[in-house]
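All remarks here apply to the structure that follows.
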Amino acid sequence: YTIADAVRVERVGDLPSPAAELQVLDGARDIVDGSGSVSFGSTVPGSPVSKIFTVKNVGSLDLTVQPVVLGGSGFTITSNLGADTVIAAGEEVTFAVQLDAGSEGSFNATLSFASDDSDENPFDFSIAGTVATPPASQIIDNGDAGYSQTGWTTFTPGNAGAYQSDAAYTEAGASSSVASWTFTVTPGEYLVSASWVAFTNRSSDTTYTILDGAGTVATAVVDQRQAPGDRTEGGAGFGDLGTVTITGTSLVVELTGAGNGYTIADAVRVERVGDLPS
């Protein structure tokens, strides 16, 4: 049975007035006028970091914007808005800003621009970034920034040898399990070493891949049944994987569980041992 009875309606407001309304995006993230902030992260001297910002008209009338003004140091507007740029409803324009990386330091600045948006004029927000030379040697361990793992099990080995007392493992043939260590570096020659906890059931064909950014520059096969003994850091042994030439600012080491026994992912150490060849 369906019942038809009374229906009630109530007018609760007028139609919205036509207006221009701007939105500023860092990628897909909405930036709040006045209190918004955007981080450019950290980079090394000589390696600028760029971001493209989107200015979108989410209103129903044309929006007119003016060029972006930069306040502060360490940044450059590499592509600006034009004077009296008209953005139709639903359309967008972009501008680009660069963290210059000309010298070391922590840099902060503000970006602002005028428009005919009635309640966000001018639109302004802050930006920040850091430029620093990495130390000559670095170690990334399980759980540190720069380390990631998929398909590994983290554990605390009962026998000695793990760097900072933790490591991760996979069973034999786990080729889809990947661990990676990502270092921020300056271009040069680097000695790469890895730590593992040796035991008789470990993989004898453990293969590390070393990348210059996204490109492979070397592979190294080690027998994790044998304890790493080329150097010692923090009470743990490290085995040298080799010396590589890195031309960019990212040195990545990857390890899969594809070996013929249990594979251990522990700390990785990199040390800058020379400049790029002339």
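Here, A, B, ... name the chains of the structure tokens in the order displayed, residue numbers run from 1 inside each chain, and ligands are numbered from 1 in the same displayed order.
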Item to check | Polymer residues at most 6 Å from Ala220 of chain A, only C-alpha atoms, same-chain spacing of 5 or more positions, as a PyMOL selection string | outcome: chain A and resi 207-208+241
Output the selection as a compact mmCIF listing (two decimals), in the first residue's frame - all heavy atoms for each residue.
```
# COMPACT_ATOMS: atom_id res chain seq x y z
N THR A 207 70.20 -10.07 -4.66
CA THR A 207 70.59 -9.10 -5.68
C THR A 207 70.10 -7.70 -5.34
O THR A 207 68.89 -7.47 -5.21
CB THR A 207 70.05 -9.51 -7.06
OG1 THR A 207 70.52 -10.81 -7.39
CG2 THR A 207 70.51 -8.53 -8.14
N TYR A 208 71.04 -6.79 -5.16
CA TYR A 208 70.75 -5.37 -4.95
C TYR A 208 70.89 -4.64 -6.28
O TYR A 208 71.82 -4.90 -7.05
CB TYR A 208 71.72 -4.75 -3.94
CG TYR A 208 71.58 -5.25 -2.53
CD1 TYR A 208 72.23 -6.41 -2.11
CD2 TYR A 208 70.82 -4.55 -1.59
CE1 TYR A 208 72.13 -6.85 -0.80
CE2 TYR A 208 70.73 -4.99 -0.28
CZ TYR A 208 71.37 -6.15 0.10
OH TYR A 208 71.28 -6.59 1.40
N LEU A 241 78.75 -3.07 -1.78
CA LEU A 241 78.08 -3.48 -3.01
C LEU A 241 78.79 -2.94 -4.24
O LEU A 241 78.56 -3.44 -5.34
CB LEU A 241 76.62 -3.00 -3.00
CG LEU A 241 75.77 -3.41 -1.80
CD1 LEU A 241 74.35 -2.87 -1.95
CD2 LEU A 241 75.76 -4.92 -1.63
```
Checklist entry - Leaving out Ile77 of chain A and any residue of its chain fewer than 5 positions from it, which residues lie within 7 Å of it when counting only C-alpha atoms, given as an MDAnalysis selection string? => result chainID A and resid 96:98
What would the file look like if the residues just selected were written as a PDB file, in the first residue's frame with C-alpha atoms?
```pdb
ATOM      1  CA  ALA A  96      55.295  28.588 -11.861  1.00  0.00           C
ATOM      2  CA  VAL A  97      57.674  29.210  -8.954  1.00  0.00           C
ATOM      3  CA  GLN A  98      61.156  27.813  -8.356  1.00  0.00           C
TER       4      GLN A  98
END
```
Would you mind listing what lies within 7 Å of segment 52-55 of chain A as a PDB file with N, CA and C atoms, in the first residue's frame, with only C-alpha atoms counted and same-chain residues fewer than 3 positions away left out?
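Contents of out-v6.pdb, freshly written:
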```pdb
ATOM      1  N   LEU A  22      37.609  32.716  -7.070  1.00  0.00           N
ATOM      2  CA  LEU A  22      38.857  32.040  -7.441  1.00  0.00           C
ATOM      3  C   LEU A  22      39.214  30.937  -6.479  1.00  0.00           C
ATOM      4  N   GLN A  23      39.962  29.961  -7.003  1.00  0.00           N
ATOM      5  CA  GLN A  23      40.512  28.854  -6.238  1.00  0.00           C
ATOM      6  C   GLN A  23      41.951  28.663  -6.686  1.00  0.00           C
ATOM      7  N   VAL A  24      42.870  28.479  -5.735  1.00  0.00           N
ATOM      8  CA  VAL A  24      44.283  28.265  -6.062  1.00  0.00           C
ATOM      9  C   VAL A  24      44.672  26.863  -5.608  1.00  0.00           C
ATOM     10  N   LEU A  25      45.327  26.122  -6.505  1.00  0.00           N
ATOM     11  CA  LEU A  25      45.654  24.729  -6.246  1.00  0.00           C
ATOM     12  C   LEU A  25      47.151  24.476  -6.376  1.00  0.00           C
ATOM     13  N   ASP A  26      47.663  23.660  -5.453  1.00  0.00           N
ATOM     14  CA  ASP A  26      49.002  23.077  -5.561  1.00  0.00           C
ATOM     15  C   ASP A  26      48.782  21.627  -5.950  1.00  0.00           C
ATOM     16  N   GLY A  27      48.848  21.334  -7.233  1.00  0.00           N
ATOM     17  CA  GLY A  27      48.431  20.017  -7.710  1.00  0.00           C
ATOM     18  C   GLY A  27      46.940  19.890  -7.530  1.00  0.00           C
ATOM     19  N   GLU A  92      40.841  27.994 -16.155  1.00  0.00           N
ATOM     20  CA  GLU A  92      41.976  28.138 -15.242  1.00  0.00           C
ATOM     21  C   GLU A  92      43.218  28.587 -15.983  1.00  0.00           C
ATOM     22  N   VAL A  93      44.160  29.151 -15.228  1.00  0.00           N
ATOM     23  CA  VAL A  93      45.475  29.525 -15.743  1.00  0.00           C
ATOM     24  C   VAL A  93      46.504  29.049 -14.713  1.00  0.00           C
ATOM     25  N   THR A  94      47.771  29.083 -15.075  1.00  0.00           N
ATOM     26  CA  THR A  94      48.806  28.610 -14.167  1.00  0.00           C
ATOM     27  C   THR A  94      49.951  29.612 -14.072  1.00  0.00           C
ATOM     28  N   PHE A  95      50.707  29.513 -12.978  1.00  0.00           N
ATOM     29  CA  PHE A  95      51.978  30.215 -12.852  1.00  0.00           C
ATOM     30  C   PHE A  95      52.967  29.274 -12.181  1.00  0.00           C
ATOM     31  N   ALA A  96      54.266  29.497 -12.356  1.00  0.00           N
ATOM     32  CA  ALA A  96      55.295  28.588 -11.861  1.00  0.00           C
ATOM     33  C   ALA A  96      56.280  29.333 -10.975  1.00  0.00           C
ATOM     34  N   VAL A  97      56.727  28.647  -9.914  1.00  0.00           N
ATOM     35  CA  VAL A  97      57.674  29.210  -8.954  1.00  0.00           C
ATOM     36  C   VAL A  97      58.776  28.186  -8.717  1.00  0.00           C
TER      37      VAL A  97
END
```
Return as CSV the residues of segment 86-168 of chain A lying at most 8 Å from segment 227-239 of chain A, together with the closest atom-to-atom pair for each and the distance in Å to one decimal, counting only C-alpha atoms, with rows in chain order and ascending residue number.
```
residue,atom,partner,partner_atom,distance
A:Gly161,CA,A:Ala236,CA,5.2
A:Ala162,CA,A:Ala236,CA,6.0
A:Tyr163,CA,A:Ala236,CA,5.1
A:Gln164,CA,A:Gly234,CA,7.2
```
Restricting it to N, CA and C atoms, dump the selection as a PDB file, in the first residue's frame.
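Result written to part-v6.pdb:
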```pdb
ATOM      1  N   GLY A 161      73.507  -8.669  14.982  1.00  0.00           N
ATOM      2  CA  GLY A 161      73.940  -8.289  13.645  1.00  0.00           C
ATOM      3  C   GLY A 161      73.092  -7.254  12.953  1.00  0.00           C
ATOM      4  N   ALA A 162      71.833  -7.050  13.352  1.00  0.00           N
ATOM      5  CA  ALA A 162      70.981  -6.080  12.684  1.00  0.00           C
ATOM      6  C   ALA A 162      71.356  -4.667  13.115  1.00  0.00           C
ATOM      7  N   TYR A 163      71.390  -3.752  12.157  1.00  0.00           N
ATOM      8  CA  TYR A 163      71.660  -2.354  12.464  1.00  0.00           C
ATOM      9  C   TYR A 163      70.475  -1.794  13.241  1.00  0.00           C
ATOM     10  N   GLN A 164      70.728  -1.188  14.383  1.00  0.00           N
ATOM     11  CA  GLN A 164      69.721  -0.630  15.283  1.00  0.00           C
ATOM     12  C   GLN A 164      68.664  -1.670  15.673  1.00  0.00           C
TER      13      GLN A 164
END
```
Checklist entry - Any idea what's packed within 8 Å of segment 144-152 of chain A, counting only C-alpha atoms, ignoring anything in its chain fewer than 4 positions away? Could you give it as a list in words? => result Ile140, Ala168, Tyr169, Thr170, Ser176, Ser177, Val178, Ala179, Ser180, Trp181, Thr182 and Phe183 of chain A
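Proximity of A:Asp30, A:Asp205, A:Glu21, A:Glu91 to Phe125 of chain A, computed with only C-alpha atoms, is greatest for A:Asp30.
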Checklist entry - Which is closer to Thr184 of chain A than all the others in A:Arg225, A:Arg272, A:Lys51, A:Arg202, using only C-alpha atoms? => result A:Arg272
Next on the checklist: Taking only segment 134-184 of chain A into account, list the residues labelled strand (DSSP E or B) by DSSP (computed from the backbone), as a list in words.
Outcome noted: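 Of segment 134-184 of chain A, the ones in strand (DSSP E or B) are Ser137, Gln138, Ile139, Ile140, Tyr147, Ser148, Gln149, Thr150, Thr153, Thr154, Phe155, Ala167, Ala168, Tyr169, Thr170, Ala174, Ser175, Ser176, Ser177, Val178, Ala179, Ser180, Trp181, Thr182, Phe183 and Thr184 of chain A.
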Next on the checklist: Ranking A:Leu61, A:Thr200, A:Thr110, A:Thr43 by minimum distance to Thr133 of chain A and counting only C-alpha atoms, which one comes first?
Outcome noted: A:Thr43
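Restricting the calculation to only C-alpha atoms, the smallest distance between Val270 of chain A and any of A:Asp124, A:Glu171, A:Glu104, A:Asp141 is found for A:Asp141.
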Checklist entry - Residues at most 8 Å from Ser42 of chain A, counting only C-alpha atoms, excluding those fewer than 2 positions away in the same chain, as an MDAnalysis selection string? => result chainID A and resid 40 44 129:132
Checklist entry - Could you pull the residues within 8 Å of Phe113 of chain A, counting only C-alpha atoms, minus those fewer than 2 positions along the same chain, as a PyMOL selection string? => result chain A and resi 65-69+111+115+121-124
For the residues selected in the previous step, produce a file with N, CA and C atoms as a short mmCIF file (atom, residue, chain, number, x, y, z; two decimals), in the first residue's frame.
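After the write, part30.cif holds the following:
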```cif
data_model
loop_
_atom_site.label_atom_id
_atom_site.label_comp_id
_atom_site.auth_asym_id
_atom_site.auth_seq_id
_atom_site.Cartn_x
_atom_site.Cartn_y
_atom_site.Cartn_z
N VAL A 65 42.52 38.64 -13.00
CA VAL A 65 43.63 38.52 -12.05
C VAL A 65 44.82 39.33 -12.55
N GLN A 66 45.71 39.67 -11.60
CA GLN A 66 46.90 40.45 -11.89
C GLN A 66 48.15 39.56 -11.67
N PRO A 67 49.33 40.00 -12.10
CA PRO A 67 50.55 39.21 -11.92
C PRO A 67 50.83 38.91 -10.45
N VAL A 68 51.50 37.79 -10.22
CA VAL A 68 51.87 37.36 -8.88
C VAL A 68 53.07 38.16 -8.40
N VAL A 69 53.04 38.57 -7.14
CA VAL A 69 54.14 39.30 -6.53
C VAL A 69 54.81 38.38 -5.51
N LEU A 111 53.61 34.59 -1.66
CA LEU A 111 53.10 34.85 -3.00
C LEU A 111 51.73 35.50 -2.87
N SER A 115 42.90 40.41 -7.59
CA SER A 115 41.86 39.95 -8.50
C SER A 115 40.58 40.71 -8.17
N ASN A 121 40.83 39.16 -2.01
CA ASN A 121 41.63 40.12 -2.78
C ASN A 121 42.42 41.00 -1.82
N PRO A 122 43.77 40.87 -1.82
CA PRO A 122 44.55 39.95 -2.66
C PRO A 122 44.51 38.53 -2.09
N PHE A 123 44.85 37.57 -2.95
CA PHE A 123 45.02 36.18 -2.51
C PHE A 123 46.49 36.01 -2.18
N ASP A 124 46.79 35.51 -0.98
CA ASP A 124 48.20 35.35 -0.60
C ASP A 124 48.40 34.07 0.20
#
```
Next on the checklist: Using only C-alpha atoms for the distances, tell me which of A:Ala198, A:Ala214, A:Val32, A:Val185 is nearest to Gln138 of chain A.
Outcome noted: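 Answer, going by the shortest atom-to-atom distance: A:Val185.
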